[in-house]
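Note: the block below is final32.txt and it holds compact mmCIF, N, CA and C atoms.
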# COMPACT_ATOMS: atom_id res chain seq x y z
N MET A 1 11.58 28.57 35.56
CA MET A 1 12.96 28.20 35.46
C MET A 1 13.69 28.75 36.68
N ASN A 2 14.34 27.89 37.41
CA ASN A 2 15.05 28.30 38.60
C ASN A 2 16.51 28.53 38.28
N THR A 3 16.85 29.76 37.92
CA THR A 3 18.23 30.11 37.63
C THR A 3 18.54 31.43 38.28
N THR A 4 19.81 31.73 38.41
CA THR A 4 20.21 33.00 38.97
C THR A 4 20.39 34.05 37.89
N GLU A 5 20.44 33.63 36.64
CA GLU A 5 20.61 34.58 35.55
C GLU A 5 19.26 35.06 35.05
N PRO A 6 19.19 36.31 34.55
CA PRO A 6 17.92 36.82 34.04
C PRO A 6 17.53 36.14 32.74
N GLU A 7 16.28 36.32 32.35
CA GLU A 7 15.79 35.78 31.10
C GLU A 7 15.68 36.94 30.11
N THR A 8 15.70 36.63 28.84
CA THR A 8 15.53 37.66 27.82
C THR A 8 14.63 37.15 26.72
N TYR A 9 14.06 38.07 25.98
CA TYR A 9 13.15 37.73 24.90
C TYR A 9 13.93 37.49 23.63
N LEU A 10 13.60 36.44 22.91
CA LEU A 10 14.21 36.15 21.61
C LEU A 10 13.46 36.93 20.55
N PRO A 11 14.15 37.82 19.80
CA PRO A 11 13.45 38.61 18.80
C PRO A 11 12.83 37.74 17.71
N GLU A 12 11.79 38.26 17.09
CA GLU A 12 11.13 37.55 16.00
C GLU A 12 12.11 37.31 14.87
N VAL A 13 12.16 36.11 14.39
CA VAL A 13 13.01 35.75 13.28
C VAL A 13 12.12 35.47 12.09
N GLY A 14 12.53 35.92 10.93
CA GLY A 14 11.76 35.65 9.74
C GLY A 14 10.83 36.78 9.35
N SER A 15 10.80 37.87 10.13
CA SER A 15 9.95 38.98 9.76
C SER A 15 10.59 39.76 8.62
N SER A 16 9.77 40.44 7.85
CA SER A 16 10.24 41.09 6.63
C SER A 16 11.26 42.18 6.90
N ASN A 17 11.21 42.81 8.08
CA ASN A 17 12.16 43.89 8.35
C ASN A 17 13.55 43.37 8.70
N GLN A 18 13.75 42.07 8.77
CA GLN A 18 15.06 41.51 9.07
C GLN A 18 15.80 41.08 7.82
N LEU A 19 15.19 41.19 6.68
CA LEU A 19 15.81 40.68 5.47
C LEU A 19 16.86 41.63 4.91
N GLY A 20 17.06 42.76 5.54
CA GLY A 20 18.03 43.74 5.07
C GLY A 20 19.42 43.46 5.57
N THR A 21 20.18 44.53 5.79
CA THR A 21 21.59 44.41 6.15
C THR A 21 21.80 43.91 7.57
N ASN A 22 20.80 43.99 8.44
CA ASN A 22 20.95 43.56 9.82
C ASN A 22 20.83 42.05 9.98
N ASN A 23 20.64 41.32 8.89
CA ASN A 23 20.45 39.87 8.97
C ASN A 23 21.62 39.19 9.67
N SER A 24 22.85 39.59 9.38
CA SER A 24 24.01 38.96 10.01
C SER A 24 24.04 39.25 11.51
N ASN A 25 23.52 40.42 11.94
CA ASN A 25 23.40 40.72 13.37
C ASN A 25 22.49 39.72 14.06
N TYR A 26 21.35 39.45 13.46
CA TYR A 26 20.40 38.51 14.04
C TYR A 26 21.00 37.11 14.12
N VAL A 27 21.67 36.70 13.08
CA VAL A 27 22.28 35.36 13.06
C VAL A 27 23.31 35.25 14.17
N SER A 28 24.16 36.26 14.33
CA SER A 28 25.19 36.19 15.37
C SER A 28 24.57 36.17 16.77
N HIS A 29 23.49 36.92 16.98
CA HIS A 29 22.83 36.91 18.29
C HIS A 29 22.15 35.57 18.56
N VAL A 30 21.51 35.02 17.55
CA VAL A 30 20.84 33.72 17.74
C VAL A 30 21.87 32.62 17.99
N LYS A 31 23.02 32.69 17.33
CA LYS A 31 24.07 31.69 17.57
C LYS A 31 24.52 31.69 19.02
N LYS A 32 24.53 32.87 19.65
CA LYS A 32 24.93 32.96 21.05
C LYS A 32 23.92 32.28 21.97
N LEU A 33 22.70 32.10 21.49
CA LEU A 33 21.65 31.50 22.31
C LEU A 33 21.55 29.98 22.17
N LEU A 34 22.30 29.42 21.23
CA LEU A 34 22.26 27.97 21.02
C LEU A 34 22.63 27.22 22.29
N HIS A 35 21.94 26.13 22.54
CA HIS A 35 22.19 25.23 23.66
C HIS A 35 21.92 25.87 25.02
N ARG A 36 21.10 26.91 25.04
CA ARG A 36 20.66 27.53 26.30
C ARG A 36 19.27 26.98 26.64
N ARG A 37 18.91 27.03 27.90
CA ARG A 37 17.56 26.64 28.32
C ARG A 37 16.59 27.70 27.83
N MET A 38 15.47 27.25 27.26
CA MET A 38 14.49 28.16 26.70
C MET A 38 13.10 27.76 27.17
N LEU A 39 12.30 28.76 27.50
CA LEU A 39 10.90 28.56 27.88
C LEU A 39 10.04 29.21 26.81
N VAL A 40 9.18 28.42 26.17
CA VAL A 40 8.33 28.91 25.08
C VAL A 40 6.87 28.71 25.47
N GLY A 41 6.09 29.79 25.41
CA GLY A 41 4.66 29.72 25.65
C GLY A 41 3.92 29.73 24.32
N ILE A 42 2.88 28.92 24.20
CA ILE A 42 2.13 28.89 22.94
C ILE A 42 0.69 29.34 23.19
N SER A 43 -0.03 29.56 22.09
CA SER A 43 -1.35 30.19 22.14
C SER A 43 -2.41 29.41 22.92
N ASP A 44 -2.28 28.12 23.07
CA ASP A 44 -3.30 27.36 23.82
C ASP A 44 -3.02 27.29 25.32
N GLY A 45 -1.99 28.01 25.78
CA GLY A 45 -1.71 28.09 27.21
C GLY A 45 -0.63 27.15 27.71
N ARG A 46 -0.14 26.26 26.86
CA ARG A 46 0.93 25.35 27.27
C ARG A 46 2.28 26.06 27.21
N PHE A 47 3.24 25.51 27.97
CA PHE A 47 4.62 25.99 27.96
C PHE A 47 5.53 24.81 27.70
N PHE A 48 6.64 25.08 27.01
CA PHE A 48 7.64 24.06 26.75
C PHE A 48 8.98 24.57 27.24
N LEU A 49 9.65 23.76 28.03
CA LEU A 49 10.98 24.08 28.54
C LEU A 49 11.96 23.08 27.96
N GLY A 50 13.00 23.57 27.30
CA GLY A 50 13.99 22.68 26.71
C GLY A 50 15.24 23.44 26.33
N THR A 51 16.12 22.76 25.65
CA THR A 51 17.37 23.35 25.18
C THR A 51 17.17 23.86 23.76
N PHE A 52 17.48 25.15 23.55
CA PHE A 52 17.33 25.75 22.23
C PHE A 52 18.30 25.08 21.27
N TYR A 53 17.75 24.44 20.24
CA TYR A 53 18.55 23.66 19.29
C TYR A 53 18.72 24.38 17.96
N CYS A 54 17.62 24.94 17.42
CA CYS A 54 17.74 25.72 16.19
C CYS A 54 16.45 26.50 15.92
N ILE A 55 16.56 27.42 14.96
CA ILE A 55 15.43 28.22 14.51
C ILE A 55 15.59 28.39 13.01
N ASP A 56 14.48 28.38 12.26
CA ASP A 56 14.58 28.55 10.81
C ASP A 56 14.15 29.97 10.42
N LYS A 57 14.18 30.26 9.11
CA LYS A 57 13.85 31.60 8.62
C LYS A 57 12.42 32.00 8.95
N GLN A 58 11.54 31.03 9.07
CA GLN A 58 10.14 31.32 9.39
C GLN A 58 9.91 31.55 10.89
N GLY A 59 10.92 31.28 11.70
CA GLY A 59 10.80 31.48 13.14
C GLY A 59 10.34 30.25 13.90
N ASN A 60 10.27 29.10 13.24
CA ASN A 60 9.94 27.85 13.93
C ASN A 60 11.13 27.45 14.80
N ILE A 61 10.86 27.04 16.02
CA ILE A 61 11.91 26.73 16.99
C ILE A 61 11.93 25.23 17.25
N ILE A 62 13.13 24.67 17.34
CA ILE A 62 13.28 23.28 17.76
C ILE A 62 13.95 23.28 19.14
N LEU A 63 13.29 22.58 20.08
CA LEU A 63 13.83 22.41 21.42
C LEU A 63 14.22 20.95 21.62
N GLN A 64 15.33 20.76 22.29
CA GLN A 64 15.83 19.43 22.60
C GLN A 64 15.56 19.15 24.08
N ASP A 65 15.31 17.90 24.43
CA ASP A 65 15.04 17.50 25.83
C ASP A 65 13.89 18.33 26.41
N ALA A 66 12.84 18.51 25.63
CA ALA A 66 11.73 19.38 26.02
C ALA A 66 10.75 18.69 26.97
N VAL A 67 10.19 19.51 27.85
CA VAL A 67 9.14 19.09 28.76
C VAL A 67 7.96 20.03 28.55
N GLU A 68 6.77 19.45 28.41
CA GLU A 68 5.54 20.23 28.23
C GLU A 68 4.90 20.46 29.59
N TYR A 69 4.47 21.68 29.85
CA TYR A 69 3.74 22.02 31.06
C TYR A 69 2.38 22.58 30.65
N ARG A 70 1.32 22.05 31.26
CA ARG A 70 -0.01 22.57 30.97
C ARG A 70 -0.83 22.63 32.25
N SER A 71 -1.75 23.54 32.26
CA SER A 71 -2.61 23.73 33.41
C SER A 71 -3.64 22.62 33.47
N THR A 72 -3.88 22.11 34.69
CA THR A 72 -4.92 21.09 34.87
C THR A 72 -6.15 21.77 35.44
N ARG A 73 -7.29 21.49 34.87
CA ARG A 73 -8.54 22.11 35.31
C ARG A 73 -9.18 21.32 36.46
N ARG A 74 -8.87 20.06 36.57
CA ARG A 74 -9.44 19.26 37.64
C ARG A 74 -8.62 19.43 38.92
N SER A 75 -9.21 19.08 40.02
CA SER A 75 -8.49 19.20 41.29
C SER A 75 -7.40 18.13 41.33
N ALA A 76 -6.18 18.59 41.49
CA ALA A 76 -5.03 17.70 41.52
C ALA A 76 -4.03 18.26 42.52
N PRO A 77 -3.07 17.44 42.96
CA PRO A 77 -2.07 17.93 43.90
C PRO A 77 -1.26 19.10 43.33
N SER A 78 -1.06 19.10 42.03
CA SER A 78 -0.29 20.17 41.39
C SER A 78 -1.16 20.85 40.33
N PRO A 79 -1.14 22.19 40.25
CA PRO A 79 -1.95 22.87 39.24
C PRO A 79 -1.39 22.72 37.82
N MET A 80 -0.16 22.24 37.71
CA MET A 80 0.47 22.05 36.40
C MET A 80 0.78 20.57 36.18
N GLU A 81 0.49 20.11 34.99
CA GLU A 81 0.79 18.74 34.60
C GLU A 81 1.98 18.80 33.65
N GLN A 82 2.91 17.87 33.77
CA GLN A 82 4.07 17.89 32.88
C GLN A 82 4.22 16.57 32.16
N ARG A 83 4.85 16.66 30.97
CA ARG A 83 5.06 15.48 30.13
C ARG A 83 6.39 15.65 29.41
N VAL A 84 7.25 14.65 29.46
CA VAL A 84 8.54 14.69 28.78
C VAL A 84 8.32 14.36 27.30
N LEU A 85 8.84 15.22 26.41
CA LEU A 85 8.62 15.06 24.98
C LEU A 85 9.88 14.74 24.19
N GLY A 86 11.01 15.26 24.59
CA GLY A 86 12.25 15.06 23.82
C GLY A 86 12.46 16.19 22.82
N LEU A 87 12.65 15.85 21.55
CA LEU A 87 12.90 16.84 20.50
C LEU A 87 11.57 17.27 19.89
N ILE A 88 11.29 18.59 19.91
CA ILE A 88 10.02 19.08 19.38
C ILE A 88 10.23 20.32 18.50
N LEU A 89 9.31 20.53 17.58
CA LEU A 89 9.28 21.73 16.76
C LEU A 89 8.07 22.56 17.19
N ILE A 90 8.31 23.84 17.46
CA ILE A 90 7.23 24.75 17.83
C ILE A 90 7.05 25.75 16.70
N PRO A 91 5.91 25.69 15.99
CA PRO A 91 5.68 26.61 14.88
C PRO A 91 5.60 28.06 15.37
N SER A 92 6.13 28.98 14.58
CA SER A 92 6.11 30.39 14.97
C SER A 92 4.67 30.90 15.09
N SER A 93 3.74 30.33 14.34
CA SER A 93 2.35 30.78 14.38
C SER A 93 1.69 30.48 15.72
N CYS A 94 2.21 29.52 16.46
CA CYS A 94 1.66 29.16 17.77
C CYS A 94 2.35 29.87 18.92
N ARG A 95 3.55 30.35 18.70
CA ARG A 95 4.39 30.89 19.76
C ARG A 95 3.88 32.26 20.24
N LYS A 96 3.73 32.39 21.56
CA LYS A 96 3.33 33.66 22.16
C LYS A 96 4.48 34.32 22.90
N THR A 97 5.23 33.54 23.70
CA THR A 97 6.35 34.08 24.46
C THR A 97 7.55 33.17 24.28
N CYS A 98 8.72 33.75 24.46
CA CYS A 98 9.95 32.98 24.30
C CYS A 98 11.03 33.63 25.14
N HIS A 99 11.55 32.89 26.12
CA HIS A 99 12.58 33.41 27.01
C HIS A 99 13.75 32.43 27.07
N VAL A 100 14.95 32.99 27.15
CA VAL A 100 16.15 32.16 27.27
C VAL A 100 16.99 32.65 28.44
N ASP A 101 17.72 31.73 29.06
CA ASP A 101 18.67 32.10 30.10
C ASP A 101 19.86 32.77 29.45
N CYS A 102 20.27 33.92 29.98
CA CYS A 102 21.48 34.57 29.46
C CYS A 102 21.99 35.58 30.48
N SER A 103 23.18 36.07 30.22
CA SER A 103 23.79 37.05 31.11
C SER A 103 23.14 38.42 30.91
N ILE A 104 23.40 39.33 31.82
CA ILE A 104 22.85 40.68 31.73
C ILE A 104 23.35 41.38 30.47
N ASP A 105 24.63 41.22 30.13
CA ASP A 105 25.18 41.84 28.93
C ASP A 105 24.46 41.34 27.67
N GLU A 106 24.23 40.05 27.61
CA GLU A 106 23.52 39.48 26.45
C GLU A 106 22.08 39.98 26.41
N GLN A 107 21.47 40.11 27.58
CA GLN A 107 20.10 40.61 27.64
C GLN A 107 20.03 42.04 27.10
N LEU A 108 20.95 42.88 27.50
CA LEU A 108 20.98 44.26 27.01
C LEU A 108 21.25 44.32 25.52
N SER A 109 22.12 43.44 25.05
CA SER A 109 22.43 43.39 23.62
C SER A 109 21.20 43.00 22.81
N LEU A 110 20.46 42.00 23.28
CA LEU A 110 19.25 41.58 22.57
C LEU A 110 18.16 42.64 22.64
N MET A 111 18.09 43.36 23.75
CA MET A 111 17.10 44.44 23.87
C MET A 111 17.42 45.55 22.87
N SER A 112 18.69 45.88 22.69
CA SER A 112 19.06 46.91 21.72
C SER A 112 18.79 46.43 20.31
N LEU A 113 18.89 45.13 20.07
CA LEU A 113 18.57 44.57 18.77
C LEU A 113 17.09 44.76 18.46
N GLY A 114 16.24 44.57 19.46
CA GLY A 114 14.80 44.78 19.29
C GLY A 114 14.47 46.23 19.00
N GLU A 115 15.22 47.17 19.61
CA GLU A 115 14.98 48.59 19.36
C GLU A 115 15.35 48.98 17.95
N GLN A 116 16.33 48.31 17.35
CA GLN A 116 16.72 48.60 15.98
C GLN A 116 15.60 48.24 15.02
N ASN A 117 14.75 47.27 15.40
CA ASN A 117 13.61 46.87 14.58
C ASN A 117 12.58 47.97 14.46
N SER A 118 12.43 48.76 15.54
CA SER A 118 11.36 49.77 15.58
C SER A 118 11.62 50.94 14.67
Is it possible to give me this structure as structure tokens?
Amino acid sequence: MNTTEPETYLPEVGSSNQLGTNNSNYVSHVKKLLHRRMLVGISDGRFFLGTFYCIDKQGNIILQDAVEYRSTRRSAPSPMEQRVLGLILIPSSCRKTCHVDCSIDEQLSLMSLGEQNS
């Protein structure tokens, strides 16, 4: 992602330790991330870049205007192959990494949210 703003990690949603009093904190932080560009890596090595549209209690993510990027093993002009997908659902069980564009203040806020989990 070519942006001037840093990226931050989206905390796990739907884990058992979030069902307590901090649930409203997570909801408010996730709401701030709506309609931001998000890069999601999944377990088979593919990446999806799209606009963060929603997330459910289980942590499944929906991206809008998504593009799939995957590594090509054959000799090609580009080591990455891309495919436009549109609206997609990424199951939490497949998700390995998740980054969103945000300001430094938001990044620090989300990092402190992750520390509260520990």
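For the set A:Asp105, A:Asn60, A:Leu39, A:Pro79, the residue with the smallest atom-to-atom gap to A:Ser93 is A:Asn60, counting only N, CA and C atoms.
Remark: for A:Ile88, the closest of the candidate residues A:Thr51, A:Gln64, A:Thr72, A:Ser43 is A:Gln64 (distances computed over all atoms listed in the file).
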List every protein, DNA or RNA residue that has an atom no more than 8 Å from (13.1, 24.2, 16.2) in the file's coordinate frame, counting only C-alpha atoms, and report them as a PyMOL selection string. chain A and resi 52-56+60-63+88-91
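In this model, the gap between atom C of A:Gly45 and atom N of A:Val27 comes to 28.3 Å.
Near stretch 65-67 of chain A, within 7 Å and counting only C-alpha atoms, sit Phe48, Leu49, Gly50, Thr51, Gln82, Arg83, Val84, Leu85, Gly86, Leu87 and Ile88 of chain A; same-chain residues fewer than 3 positions away were not included.
We find atom CA of A:Asp44 and atom CA of A:Lys96 to be spaced 9.3 Å apart.
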Residue list (strand (DSSP E or B), DSSP) for stretch 33-102 of chain A, as a ChimeraX atom specification: /A:37-42,47-55,61-71,80-90,95-101
Which of stretch 10-111 of chain A DSSP labels helix (DSSP H, G or I), written as a list in words: Ser16, Asn17, Gln18, Asn23, Ser24, Asn25, Tyr26, Val27, Ser28, His29, Val30, Lys31, Lys32, Leu33, Ile104, Asp105, Glu106, Gln107, Leu108, Ser109, Leu110 and Met111 of chain A
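Across the structure, atom C of A:Cys94 and atom N of A:Ile42 are spaced 5.4 Å apart.
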Enclosing box along x, y and z for every listed atom of stretch 49-59 of chain A, padded 6 Å each side, centre and size in Å, one decimal, as JSON:
{"center_x": 14.2, "center_y": 27.3, "center_z": 18.6, "size_x": 21.1, "size_y": 21.3, "size_z": 31.9}
